[in-house]
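J.: Data file start_38.cif (mmCIF, C-alpha atoms and all ligand atoms) is appended below.
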```cif
data_query
loop_
_atom_site.label_atom_id
_atom_site.label_comp_id
_atom_site.auth_asym_id
_atom_site.auth_seq_id
_atom_site.Cartn_x
_atom_site.Cartn_y
_atom_site.Cartn_z
CA MET A 84 -104.89 63.95 117.22
CA GLN A 85 -101.27 63.93 116.10
CA ARG A 86 -99.53 66.66 114.09
CA THR A 87 -96.50 66.41 111.84
CA LEU A 88 -94.32 68.71 109.76
CA VAL A 89 -93.97 68.08 106.06
CA LEU A 90 -91.76 70.04 103.70
CA LEU A 91 -92.18 69.98 99.95
CA LYS A 92 -88.58 70.77 99.16
CA PRO A 93 -87.43 73.08 96.33
CA ASP A 94 -87.25 70.20 93.81
CA ALA A 95 -90.97 69.50 94.36
CA VAL A 96 -91.81 73.15 93.69
CA HIS A 97 -89.53 73.45 90.63
CA ARG A 98 -90.85 70.19 89.21
CA ARG A 99 -94.45 71.37 89.75
CA LEU A 100 -95.27 68.32 91.86
CA VAL A 101 -96.76 70.26 94.77
CA GLY A 102 -100.37 69.48 93.85
CA ALA A 103 -99.69 65.79 93.15
CA ILE A 104 -97.84 65.32 96.45
CA LEU A 105 -100.32 67.25 98.61
CA GLN A 106 -103.13 65.22 97.08
CA ARG A 107 -101.65 62.01 98.48
CA PHE A 108 -101.70 63.36 102.02
CA GLU A 109 -105.21 64.76 101.63
CA GLN A 110 -106.69 61.63 100.10
CA LYS A 111 -105.22 59.51 102.90
CA GLY A 112 -107.33 61.55 105.32
CA LEU A 113 -104.76 63.91 106.82
CA ARG A 114 -105.95 67.48 107.13
CA LEU A 115 -104.19 70.76 106.55
CA VAL A 116 -103.41 72.75 109.67
CA GLY A 117 -100.81 75.13 108.20
CA LEU A 118 -99.49 75.86 104.71
CA LYS A 119 -96.79 78.34 103.83
CA LEU A 120 -94.41 78.95 100.92
CA VAL A 121 -91.00 79.84 102.35
CA GLN A 122 -87.66 80.89 100.94
CA ALA A 123 -85.55 79.22 103.62
CA SER A 124 -82.54 81.13 104.93
CA ARG A 125 -79.35 79.30 105.82
CA ALA A 126 -80.16 79.80 109.50
CA LEU A 127 -83.58 78.20 109.10
CA ALA A 128 -82.18 75.28 107.08
CA GLU A 129 -79.41 74.73 109.67
CA LYS A 130 -81.93 74.70 112.48
CA HIS A 131 -84.20 72.26 110.67
CA TYR A 132 -81.37 69.87 109.78
CA ALA A 133 -79.28 70.42 112.96
CA VAL A 134 -79.21 66.67 113.60
CA HIS A 135 -77.21 66.19 110.38
CA ARG A 136 -74.51 68.78 111.17
CA GLY A 137 -71.07 67.31 110.57
CA LYS A 138 -72.21 64.71 108.06
CA PRO A 139 -70.51 64.74 104.65
CA PHE A 140 -73.73 65.75 102.86
CA PHE A 141 -74.65 68.57 105.29
CA GLU A 142 -73.40 71.56 103.25
CA ASP A 143 -74.95 70.26 100.03
CA LEU A 144 -78.20 69.65 101.89
CA LEU A 145 -78.26 73.26 103.14
CA ARG A 146 -77.51 74.55 99.64
CA PHE A 147 -80.37 72.42 98.30
CA LEU A 148 -82.93 73.50 100.89
CA THR A 149 -82.07 77.18 100.48
CA SER A 150 -81.95 77.03 96.65
CA GLY A 151 -85.62 77.87 96.06
CA PRO A 152 -89.09 77.89 97.58
CA THR A 153 -90.13 75.24 100.09
CA LEU A 154 -93.76 74.58 100.95
CA ALA A 155 -94.04 74.05 104.69
CA VAL A 156 -97.07 71.97 105.62
CA CYS A 157 -98.46 71.06 109.01
CA LEU A 158 -100.73 68.02 108.81
CA GLU A 159 -102.97 66.48 111.43
CA GLY A 160 -104.58 63.09 111.76
CA ARG A 161 -104.46 59.71 113.45
CA GLU A 162 -100.83 58.49 113.59
CA ALA A 163 -99.88 61.41 111.32
CA VAL A 164 -96.11 61.04 111.84
CA ALA A 165 -95.93 57.36 110.86
CA VAL A 166 -98.53 57.70 108.12
CA VAL A 167 -96.59 60.51 106.43
CA ARG A 168 -93.33 58.56 106.69
CA SER A 169 -94.88 55.54 105.03
CA LEU A 170 -96.46 57.62 102.24
CA MET A 171 -93.02 59.21 101.61
CA GLY A 172 -91.03 55.98 101.19
CA GLN A 173 -87.33 55.63 101.97
CA THR A 174 -84.72 58.39 101.85
CA ASP A 175 -83.29 57.11 98.55
CA GLY A 176 -85.79 57.45 95.72
CA ALA A 177 -84.16 54.57 93.87
CA LYS A 178 -84.86 52.24 96.80
CA SER A 179 -88.37 53.50 97.53
CA PRO A 180 -91.14 51.21 96.39
CA PRO A 181 -93.67 52.24 93.76
CA GLY A 182 -96.74 53.76 95.35
CA THR A 183 -94.69 55.95 97.66
CA ILE A 184 -94.00 59.61 96.86
CA ARG A 185 -90.25 59.15 96.57
CA GLY A 186 -90.72 55.82 94.79
CA ASP A 187 -93.01 57.31 92.17
CA PHE A 188 -91.37 60.67 91.54
CA GLY A 189 -87.61 60.45 92.04
CA LEU A 190 -84.32 58.60 91.84
CA SER A 191 -82.15 60.87 93.95
CA VAL A 192 -81.01 60.53 97.58
CA GLN A 193 -80.64 64.27 98.18
CA ASN A 194 -83.37 65.64 95.93
CA ASN A 195 -86.08 63.45 97.37
CA LEU A 196 -88.96 65.92 97.26
CA VAL A 197 -90.35 65.68 100.78
CA HIS A 198 -89.43 65.88 104.42
CA GLY A 199 -91.56 64.33 107.14
CA SER A 200 -90.89 64.45 110.88
CA ASP A 201 -89.65 61.12 112.24
CA SER A 202 -91.19 61.24 115.74
CA PRO A 203 -93.96 63.16 117.51
CA GLU A 204 -91.31 64.95 119.62
CA ASN A 205 -89.38 66.09 116.53
CA ALA A 206 -92.66 67.02 114.85
CA ALA A 207 -93.50 69.43 117.68
CA GLN A 208 -90.03 71.02 117.46
CA GLU A 209 -90.08 71.27 113.67
CA ILE A 210 -93.59 72.75 113.53
CA GLU A 211 -92.31 75.46 115.86
CA ILE A 212 -89.33 76.14 113.57
CA TRP A 213 -91.48 76.68 110.47
CA PHE A 214 -94.75 78.12 111.82
CA LYS A 215 -95.86 80.82 114.21
CA PRO A 216 -98.69 79.67 116.52
CA ASP A 217 -101.29 81.86 114.77
CA GLU A 218 -100.44 80.28 111.41
CA LEU A 219 -101.82 76.93 112.61
CA LEU A 220 -105.59 76.63 112.31
CA ASN A 221 -107.99 74.66 114.47
CA TYR A 222 -111.18 73.75 112.68
CA GLN A 223 -113.59 70.88 112.34
CA ILE A 224 -113.65 69.18 108.94
CA ALA A 225 -117.09 68.19 107.71
CA GLY A 226 -117.35 64.41 107.39
CA SER A 227 -114.25 63.72 109.50
CA GLU A 228 -116.13 60.96 111.35
CA TRP A 229 -115.78 58.80 108.23
CA VAL A 230 -111.98 59.09 108.07
CA GLY A 231 -110.69 58.72 111.63
P1 LIG A 301 -85.21 61.40 105.64
O1 LIG A 301 -85.54 62.71 104.92
O2 LIG A 301 -85.68 60.20 104.87
O3 LIG A 301 -85.66 61.40 107.08
P2 LIG A 301 -82.51 61.82 106.67
O4 LIG A 301 -81.55 60.73 106.93
O5 LIG A 301 -83.13 62.50 107.85
O6 LIG A 301 -83.61 61.28 105.65
O7 LIG A 301 -81.71 62.91 105.81
C1 LIG A 301 -82.24 64.21 105.63
C2 LIG A 301 -82.12 64.59 104.17
O8 LIG A 301 -80.73 64.68 103.83
C3 LIG A 301 -82.67 63.56 103.19
O9 LIG A 301 -84.06 63.68 102.99
C4 LIG A 301 -81.89 63.88 101.94
O10 LIG A 301 -82.42 65.05 101.29
C5 LIG A 301 -80.51 64.23 102.51
N1 LIG A 301 -79.61 63.07 102.58
C6 LIG A 301 -79.66 62.04 103.46
N2 LIG A 301 -78.65 61.17 103.26
C7 LIG A 301 -77.94 61.65 102.22
C8 LIG A 301 -76.77 61.20 101.52
O11 LIG A 301 -76.19 60.16 101.82
N3 LIG A 301 -76.33 61.99 100.49
C9 LIG A 301 -76.96 63.15 100.13
N4 LIG A 301 -78.05 63.61 100.76
C10 LIG A 301 -78.54 62.88 101.79
MG MG A 302 -85.02 62.71 108.65
#
```
Using the file provided, produce a representation of the structure as structure tokens.
T.:
Amino acid sequence: MQRTLVLLKPDAVHRRLVGAILQRFEQKGLRLVGLKLVQASRALAEKHYAVHRGKPFFEDLLRFLTSGPTLAVCLEGREAVAVVRSLMGQTDGAKSPPGTIRGDFGLSVQNNLVHGSDSPENAAQEIEIWFKPDELLNYQIAGSEWVG
């Protein structure tokens, strides 16, 4: 079963969209493995977005991610990485189709509510950045045979 790292960024928390966004992942059939409200430090934000270092939006992105609470979420399920990416929509809220999280809740490129890992390899690395091993739970969900 695949795992992925999702972040509900500070705009999602400030806009009180945490419940609405988490519901989409849950109702799709993904299950919660880890959940943690974090005030990201600059070091943590830099590590998470290391791949974007040097880009013109990098400093603003760090300021944004460290500006308030982020809900770190580890989700598990069949094809979890790709499923989360498709539920999120495109980076730019204005270009994201209705029905996606970014398409339904935002217009911004930067303040786009959610992060989702873009490959299983990056997911493994990112889960390690945000969670300690004992913060990730292994358990059997009742009725999981109906979901996949
Ligand atoms: P993704 O979150 O859809 O994977 P990435 O290209 O990995 O998009 O960019 C990481 C984050 O950086 C985005 O989610 C968004 O918050 C921000 N970002 C990306 N491109 C821009 C830009 O052109 N201007 C401002 N912020 C950007
Ligand atoms: Mg990305």
J.: Enumerate as a PyMOL selection string the residues within 7 Å of ligand MG 302 (chain A), counting all atoms listed in the file.
T.: chain A and resi 198-201
J.: Taking all atoms listed in the file into account, report as a list in words which residues have an atom no farther than 6 Å from an atom of ligand LIG 301 (chain A).
T.: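 Based on all atoms listed in the file, ligand LIG 301 (chain A) is surrounded within 6 Å by Phe140, Leu144, Gln173, Thr174, Val192, Gln193, Asn194, Asn195 and His198 of chain A.
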J.: Which residues are near Val167 in chain A? Cut-off 10 Å, only C-alpha atoms, ignore same chain within fewer than 5 positions. Put them as an MDAnalysis selection string.
T.: chainID A and resid 87:89 107:108 111 113 158 160 162 172 184 197:201
J.: Calculate how many Å separate CA of His97 in chain A from CA of Lys215 in chain A, rounding to one decimal.
T.: 25.5 Å
J.: Of the candidates A:Ala95, A:Ala155, A:Thr149, A:Arg114, which one gets nearest to Phe214 in chain A if we count all atoms listed in the file?
T.: A:Ala155
J.: Please provide the set of residues having any atom within 8 Å of range 218-225 of chain A, restricted to all atoms listed in the file, with same-chain residues fewer than 2 positions apart removed, written as a PyMOL selection string.
T.: chain A and resi 116-117+157+214-216+227
J.: Taking (-95.4, 81.1, 100.1) in the file's coordinates as the center, which residues reach within 8 Å of it, counting all atoms listed in the file, put as an mmCIF file with C-alpha atoms, in the frame of the given file?
T.:
```cif
data_model
loop_
_atom_site.group_PDB
_atom_site.id
_atom_site.type_symbol
_atom_site.label_atom_id
_atom_site.label_comp_id
_atom_site.auth_asym_id
_atom_site.auth_seq_id
_atom_site.Cartn_x
_atom_site.Cartn_y
_atom_site.Cartn_z
ATOM 1 C CA LYS A 119 -96.790 78.340 103.830
ATOM 2 C CA LEU A 120 -94.410 78.950 100.920
ATOM 3 C CA VAL A 121 -91.000 79.840 102.350
ATOM 4 C CA GLN A 122 -87.660 80.890 100.940
ATOM 5 C CA PRO A 152 -89.090 77.890 97.580
ATOM 6 C CA THR A 153 -90.130 75.240 100.090
ATOM 7 C CA LEU A 154 -93.760 74.580 100.950
#
```
J.: Tell me, as a PyMOL selection string, which residues lie within 9 Å of Arg125 in chain A, counting only C-alpha atoms; anything in the same chain fewer than 2 positions away does not count.
T.: chain A and resi 123+127-130+145-146+148-149
J.: What does the structure give for the distance between CA of Leu196 in chain A and CA of Leu105 in chain A, in Å to one decimal?
T.: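 Here the two named atoms are 11.5 Å from each other.
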J.: By how many Å are CA of Ala103 in chain A and CA of Trp229 in chain A apart?
T.: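 Here the two named atoms are 23.1 Å from each other.
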J.: Please return range 199-216 of chain A, rebuilt to N, CA, C and O atoms, as an mmCIF file, in the frame of the given file.
T.:
```cif
data_model
loop_
_atom_site.group_PDB
_atom_site.id
_atom_site.type_symbol
_atom_site.label_atom_id
_atom_site.label_comp_id
_atom_site.auth_asym_id
_atom_site.auth_seq_id
_atom_site.Cartn_x
_atom_site.Cartn_y
_atom_site.Cartn_z
ATOM 1 N N GLY A 199 -90.512 64.601 106.160
ATOM 2 C CA GLY A 199 -91.560 64.330 107.140
ATOM 3 C C GLY A 199 -90.913 64.070 108.486
ATOM 4 O O GLY A 199 -89.921 63.328 108.559
ATOM 5 N N SER A 200 -91.450 64.646 109.535
ATOM 6 C CA SER A 200 -90.890 64.450 110.880
ATOM 7 C C SER A 200 -90.842 62.961 111.205
ATOM 8 O O SER A 200 -91.720 62.196 110.795
ATOM 9 N N ASP A 201 -89.805 62.552 111.972
ATOM 10 C CA ASP A 201 -89.650 61.120 112.240
ATOM 11 C C ASP A 201 -90.108 60.680 113.624
ATOM 12 O O ASP A 201 -90.002 59.509 113.974
ATOM 13 N N SER A 202 -90.598 61.609 114.441
ATOM 14 C CA SER A 202 -91.190 61.240 115.740
ATOM 15 C C SER A 202 -92.117 62.382 116.165
ATOM 16 O O SER A 202 -91.955 63.518 115.710
ATOM 17 N N PRO A 203 -93.070 62.092 117.038
ATOM 18 C CA PRO A 203 -93.960 63.160 117.510
ATOM 19 C C PRO A 203 -93.196 64.283 118.206
ATOM 20 O O PRO A 203 -93.547 65.459 118.062
ATOM 21 N N GLU A 204 -92.109 63.929 118.923
ATOM 22 C CA GLU A 204 -91.310 64.950 119.620
ATOM 23 C C GLU A 204 -90.638 65.871 118.593
ATOM 24 O O GLU A 204 -90.665 67.093 118.733
ATOM 25 N N ASN A 205 -90.015 65.278 117.573
ATOM 26 C CA ASN A 205 -89.380 66.090 116.530
ATOM 27 C C ASN A 205 -90.413 66.885 115.750
ATOM 28 O O ASN A 205 -90.150 68.010 115.327
ATOM 29 N N ALA A 206 -91.595 66.309 115.558
ATOM 30 C CA ALA A 206 -92.660 67.020 114.850
ATOM 31 C C ALA A 206 -92.991 68.324 115.578
ATOM 32 O O ALA A 206 -93.072 69.392 114.965
ATOM 33 N N ALA A 207 -93.151 68.243 116.896
ATOM 34 C CA ALA A 207 -93.500 69.430 117.680
ATOM 35 C C ALA A 207 -92.418 70.500 117.531
ATOM 36 O O ALA A 207 -92.714 71.683 117.314
ATOM 37 N N GLN A 208 -91.155 70.069 117.605
ATOM 38 C CA GLN A 208 -90.030 71.020 117.460
ATOM 39 C C GLN A 208 -90.004 71.634 116.064
ATOM 40 O O GLN A 208 -89.804 72.834 115.896
ATOM 41 N N GLU A 209 -90.186 70.790 115.060
ATOM 42 C CA GLU A 209 -90.080 71.270 113.670
ATOM 43 C C GLU A 209 -91.250 72.177 113.301
ATOM 44 O O GLU A 209 -91.067 73.152 112.560
ATOM 45 N N ILE A 210 -92.441 71.874 113.798
ATOM 46 C CA ILE A 210 -93.590 72.750 113.530
ATOM 47 C C ILE A 210 -93.296 74.147 114.069
ATOM 48 O O ILE A 210 -93.575 75.157 113.433
ATOM 49 N N GLU A 211 -92.647 74.184 115.239
ATOM 50 C CA GLU A 211 -92.310 75.460 115.860
ATOM 51 C C GLU A 211 -91.263 76.233 115.045
ATOM 52 O O GLU A 211 -91.270 77.465 115.020
ATOM 53 N N ILE A 212 -90.353 75.488 114.394
ATOM 54 C CA ILE A 212 -89.330 76.140 113.570
ATOM 55 C C ILE A 212 -89.953 76.827 112.350
ATOM 56 O O ILE A 212 -89.563 77.914 111.970
ATOM 57 N N TRP A 213 -90.955 76.207 111.763
ATOM 58 C CA TRP A 213 -91.480 76.680 110.470
ATOM 59 C C TRP A 213 -92.736 77.525 110.587
ATOM 60 O O TRP A 213 -93.055 78.272 109.662
ATOM 61 N N PHE A 214 -93.478 77.404 111.700
ATOM 62 C CA PHE A 214 -94.750 78.120 111.820
ATOM 63 C C PHE A 214 -94.835 78.923 113.107
ATOM 64 O O PHE A 214 -94.362 78.473 114.154
ATOM 65 N N LYS A 215 -95.475 80.087 113.005
ATOM 66 C CA LYS A 215 -95.860 80.820 114.210
ATOM 67 C C LYS A 215 -97.192 80.233 114.687
ATOM 68 O O LYS A 215 -97.962 79.718 113.866
ATOM 69 N N PRO A 216 -97.460 80.307 115.994
ATOM 70 C CA PRO A 216 -98.690 79.670 116.520
ATOM 71 C C PRO A 216 -99.956 80.120 115.771
ATOM 72 O O PRO A 216 -100.836 79.304 115.512
#
```
